[in-house]
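*Asks:* Dropping in protein.csv, which is CSV, C-alpha atoms:
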chain,number,residue,atom,x,y,z
A,1,MET,CA,-165.0,-209.3,-124.4
A,2,ALA,CA,-167.6,-211.9,-124.0
A,3,THR,CA,-169.8,-212.6,-127.0
A,4,ARG,CA,-173.2,-214.0,-127.5
A,5,HIS,CA,-174.4,-215.7,-130.6
A,6,THR,CA,-177.8,-215.7,-132.1
A,7,PRO,CA,-178.6,-219.4,-132.9
A,8,SER,CA,-179.8,-220.5,-136.3
A,9,LYS,CA,-181.1,-223.7,-137.6
A,10,THR,CA,-178.0,-224.0,-139.9
A,11,GLY,CA,-175.5,-223.8,-137.0
A,12,ARG,CA,-174.2,-220.5,-138.3
A,13,PRO,CA,-174.5,-217.3,-136.3
A,14,ALA,CA,-176.6,-214.5,-137.7
A,15,ALA,CA,-174.7,-212.2,-140.0
A,16,ARG,CA,-175.0,-209.3,-137.6
A,17,ASP,CA,-172.9,-211.2,-135.0
A,18,GLN,CA,-170.0,-212.1,-137.4
A,19,ASP,CA,-168.0,-208.9,-137.1
A,20,ARG,CA,-168.0,-209.2,-133.3
A,21,TYR,CA,-166.9,-212.8,-133.7
A,22,TYR,CA,-164.1,-212.0,-136.0
A,23,ALA,CA,-162.9,-209.3,-133.5
A,24,ALA,CA,-162.9,-211.9,-130.7
A,25,VAL,CA,-160.9,-214.3,-132.8
A,26,ALA,CA,-158.4,-211.5,-133.8
A,27,ALA,CA,-158.0,-210.7,-130.1
A,28,ARG,CA,-157.7,-214.4,-129.0
A,29,ASP,CA,-160.4,-213.6,-126.5
A,30,LYS,CA,-160.6,-216.4,-123.9
A,31,ALA,CA,-163.9,-215.0,-122.7
A,32,ALA,CA,-165.5,-215.9,-126.0
A,33,ASP,CA,-164.5,-219.6,-125.7
A,34,GLY,CA,-167.6,-221.8,-125.5
A,35,THR,CA,-169.9,-219.3,-127.2
A,36,PHE,CA,-168.9,-220.2,-130.8
A,37,VAL,CA,-166.1,-221.8,-132.8
A,38,TYR,CA,-164.6,-220.8,-136.2
A,39,SER,CA,-163.4,-222.9,-139.1
A,40,VAL,CA,-160.7,-222.2,-141.7
A,41,ALA,CA,-161.4,-223.3,-145.2
A,42,THR,CA,-157.8,-223.6,-146.2
A,43,THR,CA,-156.9,-226.0,-143.4
A,44,GLY,CA,-160.2,-227.8,-142.9
A,45,ILE,CA,-160.0,-227.4,-139.1
A,46,TYR,CA,-162.1,-225.5,-136.6
A,47,CYS,CA,-160.8,-223.7,-133.5
A,48,ARG,CA,-161.7,-221.9,-130.3
A,49,PRO,CA,-161.8,-218.1,-130.5
A,50,SER,CA,-158.6,-218.0,-128.3
A,51,CYS,CA,-156.6,-220.4,-130.4
A,52,PRO,CA,-153.0,-219.1,-130.6
A,53,SER,CA,-152.6,-220.3,-134.3
A,54,ARG,CA,-151.8,-217.7,-136.9
A,55,LEU,CA,-154.9,-215.7,-137.8
A,56,ALA,CA,-156.3,-216.8,-141.2
A,57,ARG,CA,-157.6,-214.4,-143.8
A,58,ARG,CA,-161.1,-213.1,-143.1
A,59,GLU,CA,-162.5,-214.6,-146.3
A,60,ASN,CA,-161.4,-218.1,-145.3
A,61,ILE,CA,-163.1,-218.0,-141.8
A,62,ALA,CA,-166.6,-219.2,-141.1
A,63,PHE,CA,-168.3,-219.2,-137.7
A,64,HIS,CA,-170.3,-222.0,-136.1
A,65,THR,CA,-172.6,-222.0,-133.0
A,66,SER,CA,-171.2,-225.4,-131.8
A,67,CYS,CA,-168.5,-228.0,-132.4
A,68,ALA,CA,-171.2,-230.3,-133.7
A,69,ALA,CA,-172.2,-227.7,-136.3
A,70,ALA,CA,-168.6,-227.3,-137.4
A,71,GLU,CA,-168.1,-231.0,-137.8
A,72,ALA,CA,-171.3,-231.4,-139.6
A,73,ALA,CA,-169.9,-228.8,-142.1
A,74,GLY,CA,-166.9,-231.1,-142.7
A,75,PHE,CA,-164.3,-229.6,-140.4
A,76,ARG,CA,-162.1,-231.4,-137.8
A,77,PRO,CA,-161.1,-230.1,-134.4
A,78,CYS,CA,-157.8,-228.2,-134.0
A,79,LYS,CA,-155.2,-230.4,-132.2
A,80,ARG,CA,-153.6,-227.3,-130.7
A,81,CYS,CA,-156.6,-225.6,-129.0
A,82,LYS,CA,-158.8,-228.7,-128.8
A,83,PRO,CA,-162.1,-226.9,-129.2
A,84,ASN,CA,-164.2,-230.1,-128.5
A,85,ALA,CA,-162.5,-230.5,-125.1
A,86,LEU,CA,-162.8,-228.4,-121.9
A,87,SER,CA,-160.7,-225.3,-121.9
A,88,LEU,CA,-157.5,-225.4,-119.8
A,89,ASP,CA,-159.1,-223.1,-117.2
A,90,ALA,CA,-162.3,-225.2,-117.1
A,91,GLU,CA,-160.3,-228.4,-116.9
A,92,HIS,CA,-158.3,-227.0,-114.0
A,93,ALA,CA,-161.5,-225.8,-112.2
A,94,ARG,CA,-163.0,-229.3,-112.7
A,95,MET,CA,-159.8,-231.0,-111.4
A,96,VAL,CA,-159.6,-228.8,-108.3
A,97,ALA,CA,-163.3,-229.2,-107.6
A,98,GLU,CA,-162.8,-233.0,-107.6
A,99,ALA,CA,-159.7,-232.7,-105.4
A,100,CYS,CA,-161.7,-230.6,-102.9
A,101,ARG,CA,-164.4,-233.3,-102.8
A,102,LEU,CA,-161.6,-235.9,-102.1
A,103,ILE,CA,-160.2,-233.8,-99.3
A,104,GLU,CA,-163.7,-233.2,-97.8
A,105,ALA,CA,-164.6,-236.9,-97.9
A,106,ALA,CA,-161.4,-238.2,-96.4
A,107,GLU,CA,-161.1,-239.0,-92.8
A,108,GLU,CA,-157.4,-238.1,-92.9
A,109,PRO,CA,-156.2,-235.3,-95.2
A,110,PRO,CA,-154.8,-236.9,-98.4
A,111,THR,CA,-151.1,-236.2,-99.1
A,112,LEU,CA,-150.1,-233.9,-101.9
A,113,ASP,CA,-148.6,-236.8,-103.8
A,114,ALA,CA,-151.8,-238.8,-103.5
A,115,LEU,CA,-154.0,-236.0,-104.7
A,116,ALA,CA,-151.7,-235.1,-107.6
A,117,ALA,CA,-151.5,-238.8,-108.7
A,118,SER,CA,-155.3,-239.0,-108.7
A,119,MET,CA,-155.4,-236.0,-111.0
A,120,GLY,CA,-152.7,-237.3,-113.3
A,121,LEU,CA,-150.3,-234.4,-112.5
A,122,SER,CA,-147.0,-234.0,-110.8
A,123,PRO,CA,-147.1,-232.8,-107.2
A,124,TYR,CA,-145.5,-229.5,-108.2
A,125,HIS,CA,-147.9,-228.9,-111.1
A,126,PHE,CA,-151.0,-229.9,-109.1
A,127,HIS,CA,-149.9,-227.7,-106.1
A,128,ARG,CA,-149.6,-224.7,-108.5
A,129,VAL,CA,-152.9,-225.3,-110.2
A,130,PHE,CA,-154.8,-225.8,-106.9
A,131,LYS,CA,-153.4,-222.6,-105.4
A,132,THR,CA,-154.2,-220.6,-108.6
A,133,VAL,CA,-157.8,-221.7,-108.6
A,134,THR,CA,-158.6,-221.6,-104.8
A,135,GLY,CA,-156.1,-219.1,-103.5
A,136,LEU,CA,-155.0,-221.8,-100.9
A,137,THR,CA,-152.6,-224.7,-100.9
A,138,PRO,CA,-154.2,-228.2,-100.7
A,139,LYS,CA,-152.9,-228.4,-97.1
A,140,ALA,CA,-154.4,-225.1,-96.2
A,141,TYR,CA,-157.7,-226.0,-97.8
A,142,ALA,CA,-157.7,-229.3,-95.8
A,143,ILE,CA,-157.0,-227.5,-92.6
A,144,ALA,CA,-159.7,-224.9,-93.3
A,145,HIS,CA,-162.2,-227.6,-94.0
A,146,ARG,CA,-161.5,-229.5,-90.8
A,147,GLN,CA,-161.7,-226.3,-88.9
A,148,LYS,CA,-165.2,-225.7,-90.4
A,149,ARG,CA,-166.2,-229.2,-89.5
A,150,VAL,CA,-165.1,-228.6,-85.9
A,151,ARG,CA,-167.1,-225.4,-85.7
A,152,ASP,CA,-170.2,-227.1,-87.2
A,153,ASN,CA,-169.8,-230.1,-84.9
A,154,LEU,CA,-169.4,-228.0,-81.8
A,155,LYS,CA,-172.7,-226.4,-82.5
A,156,ARG,CA,-174.6,-229.7,-82.5
A,157,ARG,CA,-172.5,-231.9,-80.2
A,158,THR,CA,-172.5,-231.9,-76.4
A,159,SER,CA,-169.0,-233.4,-76.2
A,160,VAL,CA,-166.1,-231.3,-77.3
A,161,THR,CA,-163.8,-234.3,-77.7
A,162,GLU,CA,-166.3,-236.1,-79.9
A,163,ALA,CA,-166.7,-233.0,-82.1
A,164,ILE,CA,-162.9,-232.7,-82.5
A,165,HIS,CA,-162.4,-236.4,-83.4
A,166,GLU,CA,-165.4,-236.4,-85.8
A,167,ALA,CA,-163.8,-233.5,-87.7
A,168,GLY,CA,-160.7,-235.7,-88.4
A,169,PHE,CA,-158.3,-234.7,-85.6
A,170,ASN,CA,-156.8,-237.9,-84.3
A,171,SER,CA,-155.3,-236.0,-81.4
A,172,SER,CA,-157.2,-233.5,-79.3
A,173,GLY,CA,-153.8,-231.9,-78.5
A,174,ARG,CA,-153.2,-231.1,-82.1
A,175,PHE,CA,-156.4,-229.2,-82.3
A,176,TYR,CA,-156.2,-227.4,-78.9
A,177,ALA,CA,-152.7,-226.2,-79.8
A,178,ASN,CA,-154.4,-223.8,-82.3
A,179,ALA,CA,-157.9,-223.6,-81.0
A,180,ASP,CA,-157.8,-219.9,-80.1
A,181,GLU,CA,-156.6,-219.1,-83.6
A,182,VAL,CA,-159.3,-221.3,-85.2
A,183,LEU,CA,-162.3,-220.4,-83.0
A,184,GLY,CA,-161.2,-217.2,-81.4
A,185,MET,CA,-161.9,-218.8,-78.0
A,186,THR,CA,-161.7,-222.2,-76.4
A,187,PRO,CA,-163.8,-225.0,-77.9
A,188,THR,CA,-166.1,-225.2,-74.9
A,189,THR,CA,-166.7,-221.5,-75.0
A,190,PHE,CA,-167.4,-221.6,-78.7
A,191,ARG,CA,-169.8,-224.6,-78.3
A,192,THR,CA,-171.8,-222.8,-75.6
A,193,GLY,CA,-172.1,-219.6,-77.7
A,194,GLY,CA,-169.5,-217.7,-75.7
A,195,LYS,CA,-170.5,-218.9,-72.3
A,196,ASP,CA,-168.0,-217.8,-69.6
A,197,MET,CA,-166.5,-215.4,-72.1
A,198,GLN,CA,-166.5,-211.7,-71.3
A,199,LEU,CA,-166.7,-209.0,-73.9
A,200,ARG,CA,-166.5,-205.4,-72.9
A,201,PHE,CA,-168.4,-203.1,-75.3
A,202,ALA,CA,-169.6,-199.6,-75.7
A,203,VAL,CA,-171.6,-197.7,-78.2
A,204,GLY,CA,-170.6,-194.2,-79.4
A,205,LYS,CA,-171.6,-191.6,-81.9
A,206,THR,CA,-169.6,-190.4,-84.9
A,207,SER,CA,-170.3,-188.1,-87.8
A,208,LEU,CA,-171.0,-191.2,-89.9
A,209,GLY,CA,-173.5,-192.7,-87.4
A,210,ALA,CA,-173.3,-195.1,-84.5
A,211,ILE,CA,-170.2,-197.1,-83.6
A,212,LEU,CA,-169.9,-200.2,-81.4
A,213,VAL,CA,-166.5,-201.3,-80.1
A,214,ALA,CA,-166.1,-204.7,-78.4
A,215,ALA,CA,-163.0,-206.2,-76.9
A,216,SER,CA,-162.1,-209.6,-75.4
A,217,ALA,CA,-159.2,-210.1,-73.0
A,218,LYS,CA,-157.0,-210.4,-76.2
A,219,GLY,CA,-157.9,-207.1,-77.9
A,220,ILE,CA,-160.5,-205.4,-80.1
A,221,ALA,CA,-162.8,-208.1,-81.4
A,222,ALA,CA,-165.3,-205.9,-83.3
A,223,ILE,CA,-165.8,-202.3,-84.6
A,224,LEU,CA,-169.2,-202.1,-86.1
A,225,LEU,CA,-170.8,-199.1,-87.8
A,226,GLY,CA,-174.5,-198.4,-88.5
A,227,ASP,CA,-177.4,-196.1,-88.2
A,228,ASP,CA,-179.1,-197.8,-85.2
A,229,PRO,CA,-177.1,-198.4,-82.0
A,230,GLU,CA,-179.5,-201.1,-80.9
A,231,ALA,CA,-179.0,-203.0,-84.1
A,232,LEU,CA,-175.3,-203.0,-83.5
A,233,VAL,CA,-175.8,-204.5,-80.1
A,234,ARG,CA,-178.1,-207.2,-81.5
A,235,ASP,CA,-175.4,-208.0,-84.0
A,236,LEU,CA,-172.9,-208.6,-81.2
A,237,GLU,CA,-175.4,-210.6,-79.2
A,238,GLU,CA,-176.1,-212.9,-82.2
A,239,ARG,CA,-172.5,-213.6,-82.6
A,240,PHE,CA,-171.9,-214.4,-78.9
A,241,PRO,CA,-175.4,-215.4,-77.7
A,242,LYS,CA,-174.2,-216.7,-74.3
A,243,ALA,CA,-171.2,-214.4,-73.7
A,244,GLU,CA,-171.2,-212.0,-70.8
A,245,LEU,CA,-171.4,-208.6,-72.4
A,246,ILE,CA,-170.2,-205.9,-70.1
A,247,GLY,CA,-170.9,-202.3,-70.7
A,248,GLY,CA,-167.7,-200.4,-71.0
A,249,ASP,CA,-166.4,-198.4,-68.1
A,250,ARG,CA,-164.7,-195.0,-68.2
A,251,GLN,CA,-161.4,-196.7,-69.1
A,252,PHE,CA,-163.0,-198.5,-72.0
A,253,GLU,CA,-164.5,-195.2,-73.3
A,254,ASP,CA,-160.9,-194.2,-74.1
A,255,VAL,CA,-160.7,-197.3,-76.4
A,256,VAL,CA,-163.9,-196.2,-78.1
A,257,ALA,CA,-162.5,-192.7,-78.5
A,258,LYS,CA,-159.5,-194.1,-80.4
A,259,ALA,CA,-161.8,-195.9,-82.8
A,260,ILE,CA,-163.8,-192.8,-83.3
A,261,ALA,CA,-160.6,-190.9,-84.0
A,262,LEU,CA,-160.0,-193.2,-87.0
A,263,ILE,CA,-163.2,-191.9,-88.5
A,264,GLU,CA,-163.0,-188.2,-87.6
A,265,ALA,CA,-159.2,-187.8,-88.0
A,266,PRO,CA,-158.0,-190.0,-90.8
A,267,GLY,CA,-154.4,-191.1,-90.3
A,268,ALA,CA,-154.8,-191.2,-86.5
A,269,THR,CA,-152.7,-194.0,-84.9
A,270,PHE,CA,-154.5,-197.0,-83.5
A,271,ASP,CA,-152.0,-199.0,-81.4
A,272,LEU,CA,-154.5,-201.2,-79.6
A,273,PRO,CA,-154.2,-205.0,-80.0
A,274,LEU,CA,-156.7,-206.7,-82.2
A,275,ASP,CA,-158.4,-210.0,-81.5
A,276,VAL,CA,-158.7,-211.0,-85.2
A,277,ARG,CA,-160.6,-214.2,-85.9
A,278,GLY,CA,-160.6,-215.9,-89.2
A,279,THR,CA,-158.9,-218.4,-91.5
A,280,ALA,CA,-155.2,-218.2,-92.5
A,281,PHE,CA,-156.2,-216.8,-95.8
A,282,GLN,CA,-158.4,-214.1,-94.3
A,283,HIS,CA,-155.5,-213.1,-91.9
A,284,ARG,CA,-153.2,-212.6,-94.9
A,285,VAL,CA,-155.8,-210.3,-96.6
A,286,TRP,CA,-156.5,-208.4,-93.4
A,287,GLN,CA,-152.8,-207.8,-92.7
A,288,ALA,CA,-152.4,-206.5,-96.3
A,289,LEU,CA,-155.3,-204.2,-95.7
A,290,ARG,CA,-153.6,-202.7,-92.6
A,291,GLU,CA,-150.5,-201.9,-94.8
A,292,ILE,CA,-152.5,-199.7,-97.1
A,293,PRO,CA,-151.7,-196.0,-96.2
A,294,ALA,CA,-154.5,-193.6,-95.4
A,295,GLY,CA,-155.4,-191.5,-98.5
A,296,THR,CA,-154.7,-194.3,-101.0
A,297,THR,CA,-156.7,-197.1,-102.4
A,298,VAL,CA,-156.0,-200.4,-104.2
A,299,SER,CA,-158.2,-202.6,-106.3
A,300,TYR,CA,-159.2,-206.1,-105.4
A,301,SER,CA,-156.8,-207.4,-108.1
A,302,GLU,CA,-153.9,-205.4,-106.7
A,303,LEU,CA,-154.6,-206.6,-103.2
A,304,ALA,CA,-154.6,-210.2,-104.5
A,305,GLU,CA,-151.2,-209.6,-106.1
A,306,ARG,CA,-149.9,-208.1,-102.8
A,307,ILE,CA,-150.6,-211.4,-101.0
A,308,GLY,CA,-149.0,-213.3,-103.9
A,309,LEU,CA,-152.2,-214.8,-105.2
A,310,PRO,CA,-153.1,-212.7,-108.3
A,311,LYS,CA,-156.0,-215.0,-109.4
A,312,ALA,CA,-157.7,-215.1,-106.0
A,313,VAL,CA,-159.6,-211.9,-106.5
A,314,ARG,CA,-163.0,-213.3,-105.5
A,315,ALA,CA,-161.6,-214.9,-102.4
A,316,VAL,CA,-159.9,-211.6,-101.5
A,317,ALA,CA,-163.2,-209.7,-101.9
A,318,ALA,CA,-164.9,-212.3,-99.7
A,319,ALA,CA,-162.3,-211.8,-97.0
A,320,CYS,CA,-162.8,-208.1,-97.1
A,321,ALA,CA,-166.6,-208.6,-96.7
A,322,ALA,CA,-166.0,-210.9,-93.7
A,323,ASN,CA,-164.0,-208.2,-91.8
A,324,ARG,CA,-165.7,-207.2,-88.6
A,325,ILE,CA,-163.2,-204.6,-87.5
A,326,ALA,CA,-164.1,-201.5,-89.4
A,327,VAL,CA,-161.6,-198.8,-90.1
A,328,ALA,CA,-158.8,-200.3,-88.0
A,329,ILE,CA,-158.7,-203.0,-90.7
A,330,PRO,CA,-159.4,-200.6,-93.5
A,331,CYS,CA,-161.3,-202.6,-96.1
A,332,HIS,CA,-162.9,-199.4,-97.2
A,333,ARG,CA,-159.6,-198.6,-99.1
A,334,VAL,CA,-160.3,-201.4,-101.6
A,335,VAL,CA,-162.1,-200.3,-104.8
A,336,ARG,CA,-163.1,-201.9,-108.2
A,337,ASN,CA,-160.5,-202.1,-110.9
A,338,ASP,CA,-162.1,-199.1,-112.6
A,339,GLY,CA,-161.8,-197.1,-109.4
A,340,GLY,CA,-165.5,-197.2,-108.7
A,341,LEU,CA,-166.8,-198.0,-105.2
A,342,SER,CA,-168.0,-201.6,-104.6
A,343,GLY,CA,-170.0,-202.9,-101.8
A,344,TYR,CA,-169.1,-202.1,-98.2
A,345,ARG,CA,-170.4,-204.0,-95.1
A,346,TRP,CA,-171.3,-200.7,-93.5
A,347,GLY,CA,-172.7,-198.9,-96.5
A,348,VAL,CA,-171.2,-197.5,-99.7
A,349,GLU,CA,-172.0,-194.0,-98.6
A,350,ARG,CA,-169.8,-194.4,-95.5
A,351,LYS,CA,-167.1,-195.8,-97.6
A,352,GLN,CA,-167.2,-192.8,-99.9
A,353,LYS,CA,-167.1,-190.4,-97.0
A,354,LEU,CA,-164.2,-192.2,-95.4
A,355,LEU,CA,-162.1,-192.1,-98.6
A,356,ALA,CA,-162.9,-188.5,-99.2
A,357,ARG,CA,-161.8,-187.5,-95.7
A,358,GLU,CA,-158.6,-189.5,-96.1
A,359,SER,CA,-157.8,-188.0,-99.4
A,360,ARG,CA,-158.0,-184.5,-97.9
A,361,SER,CA,-155.9,-185.3,-94.9
Take the structure in the file and write it out as structure tokens.
*Replies:*
Amino acid sequence: MATRHTPSKTGRPAARDQDRYYAAVAARDKAADGTFVYSVATTGIYCRPSCPSRLARRENIAFHTSCAAAEAAGFRPCKRCKPNALSLDAEHARMVAEACRLIEAAEEPPTLDALAASMGLSPYHFHRVFKTVTGLTPKAYAIAHRQKRVRDNLKRRTSVTEAIHEAGFNSSGRFYANADEVLGMTPTTFRTGGKDMQLRFAVGKTSLGAILVAASAKGIAAILLGDDPEALVRDLEERFPKAELIGGDRQFEDVVAKAIALIEAPGATFDLPLDVRGTAFQHRVWQALREIPAGTTVSYSELAERIGLPKAVRAVAAACAANRIAVAIPCHRVVRNDGGLSGYRWGVERKQKLLARESRS
């Protein structure tokens, strides 16, 4: 329960706010931290709303709009909750943000021990804090950052080798070993916008509108939904501006039919290989999505718990939004914590209809 105070010249909240403030203190509401502090007349100290200390009697509690106001009234900060310092969550966020900057600025990824020492924590504690805040380990974050640098460099460099080394890979071999997973294609193909890459595609019609299915030699690379078939083709062209797009033949139409079946006949099997391109974290989320049975839904929080990162809810939601393979990777089965429908890349109305069909099947 987040609270907002009405400032006053005395540093005391308006009387109409005080019942809400007391309720926040009684609930040890962390969301109220930073909006006000409260003082206890019998101890002479002031605390955060979330302070775990024993709750004082209501008549002994006063509320203040800031630490300075409480201290001006003669109270000293609680040594337990340290209201005049950053909250633990805020301190962890600040620490991780600083560590991310160190990783991004370094030519070689810093070791876990070095990062932990710079933050004044043990390697174990720092590793846990970093993963809780970002959803990734420090090593995975460093790898993802270097991969992003490679992608950015390849877009503006004429030399693949130069782009790889500039991103921090001392050995081209180390990068090429995982290039397909990182880029979804060879570095040269990526740099040239998909040049020399072939994508077979076809557009079809479903009861929910148009569908475009595209596949590389590895497997299905995209299943896009929309109202305008031409817009779907433009989306594909923008992603691979120099790729050779080949209209699907009769055999490929069978592939499209399997994708359409996922919409028209929920629960239909889809045994075609996928050419899934994304970060290691996105792969974990997308794999978890594929394990959600048709006819059921999970919340973003539940999905985060399933991949072992309960606090990475926002990162999970971002991974769902980045999914380009509709229905086969069923991000439509993820809902808000209250069961309501949240955003969907291909429209909330389509999401609602897909879920309704699956619930009836």
*Asks:* When you count all atoms listed in the file, which of these residues is closest to Leu272 (chain A): A:Arg48, A:Lys258, A:Arg94, A:Arg128?
*Replies:*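 Nearest candidate to Leu272 (chain A) out of A:Arg48, A:Lys258, A:Arg94, A:Arg128: A:Lys258.
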*Asks:* Which residues are close to region 34-40 of chain A, i.e. within 8 Å by all atoms listed in the file, leaving aside same-chain residues fewer than 4 positions away? Reply as a list in words.
*Replies:*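 Contacts, with the query itself left out: Thr3, Arg4, His5, Gly44, Ile45, Tyr46, Cys47, Arg48, Pro49, Ala56, Asn60, Ile61, Ala62, Phe63, His64, Thr65, Ser66, Cys67, Ala70, Phe75 and Pro83 of chain A.
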*Asks:* Between A:Ile329, A:Ala319, A:Ala26, A:Ser299, which one has atoms that come closest to Gln287 (chain A), using all atoms listed in the file?
*Replies:* A:Ile329
*Asks:* Would you compute the distance between CA of His92 (chain A) and CA of Gly120 (chain A)? Give it in Å to one decimal.
*Replies:* 11.7 Å
*Asks:* Could you work out how far CA of Ala202 (chain A) lies from CA of Thr269 (chain A), giving the answer in Å with one decimal?
*Replies:*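 Taking CA of Thr269 (chain A) and CA of Ala202 (chain A), their separation equals 20.0 Å.
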*Asks:* Write out as number ranges by chain each polymer residue whose atoms come within 12 Å of Met119 (chain A), counting only C-alpha atoms; drop sequence neighbours fewer than 3 positions from it.
*Replies:* A: 91-100, 102, 112-116, 122-123, 125-127, 129-130
*Asks:* What does the distance from CA of Thr137 (chain A) to CA of Gly278 (chain A) come to in Å, to one decimal?
*Replies:*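 Between these atoms lies a distance of 16.7 Å.
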*Asks:* Write out as a list in words each polymer residue whose atoms come within 8 Å of region 217-232 of chain A, counting all atoms listed in the file; drop sequence neighbours fewer than 4 positions from it.
*Replies:*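 Listed by chain and then number, they are Gln198, Leu199, Val203, Gly209, Ala210, Ile211, Leu212, Val213, Leu236, Ala259, Leu272, Pro273, Leu274, Asp275, Val276, Arg277, Arg324, Ile325, Ala326, Val327 and Trp346 of chain A.
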*Asks:* Quick one: residues within 8 Å of Ala312 (chain A), all atoms listed in the file counted, chain neighbours fewer than 5 positions away excluded, as a list in words?
*Replies:*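 After dropping sequence-adjacent residues, the list is Thr132, Val133, Thr134, Gly135 and Ala304 of chain A.
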*Asks:* Store the residues picked out above, limited to C-alpha atoms, as a PDB file, keeping the file's coordinate frame.
*Replies:*
ATOM      1  CA  THR A 132    -154.200-220.600-108.600  1.00  0.00           C
ATOM      2  CA  VAL A 133    -157.800-221.700-108.600  1.00  0.00           C
ATOM      3  CA  THR A 134    -158.600-221.600-104.800  1.00  0.00           C
ATOM      4  CA  GLY A 135    -156.100-219.100-103.500  1.00  0.00           C
ATOM      5  CA  ALA A 304    -154.600-210.200-104.500  1.00  0.00           C
TER       6      ALA A 304
END
*Asks:* Using all atoms listed in the file, pick whichever of A:Glu358, A:Glu238, A:Glu253, A:Glu244 has the shortest atom-to-atom distance to Gly267 (chain A).
*Replies:*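 The answer is A:Glu358, which sits nearest to Gly267 (chain A).
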*Asks:* Can you work out which one of A:Asp89, A:Ser50, A:Leu341, A:Phe252 has the shortest atom-to-atom distance to Tyr21 (chain A), counting only C-alpha atoms?
*Replies:*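 Result for the nearest residue to Tyr21 (chain A): A:Ser50.
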*Asks:* Rank nothing, just name the residue among A:Leu354, A:Ala142, A:Ala85, A:Leu121 nearest to Pro109 (chain A), using all atoms listed in the file.
*Replies:*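 Closest to Pro109 (chain A), using all atoms listed in the file: A:Ala142.
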*Asks:* So, counting all atoms listed in the file, which residue among A:Lys242, A:Lys131, A:Arg28, A:Lys205 is closest to Lys311 (chain A)?
*Replies:*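 Checking each of A:Lys242, A:Lys131, A:Arg28, A:Lys205 against Lys311 (chain A), counting all atoms listed in the file, the winner is A:Lys131.
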*Asks:* Just want the 12 Å neighbourhood of Ile292 (chain A), counted on all atoms listed in the file, with same-chain residues fewer than 3 positions away dropped. Output as a list in words.
*Replies:*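 These residues fall inside the cut-off: Gly267, Val285, Trp286, Gln287, Ala288, Leu289, Gly295, Thr296, Thr297, Val298, Ser299, Glu302, Leu303, Arg306, Val327, Ala328, Ile329, Pro330, Cys331, His332, Arg333, Val334 and Glu358 of chain A.
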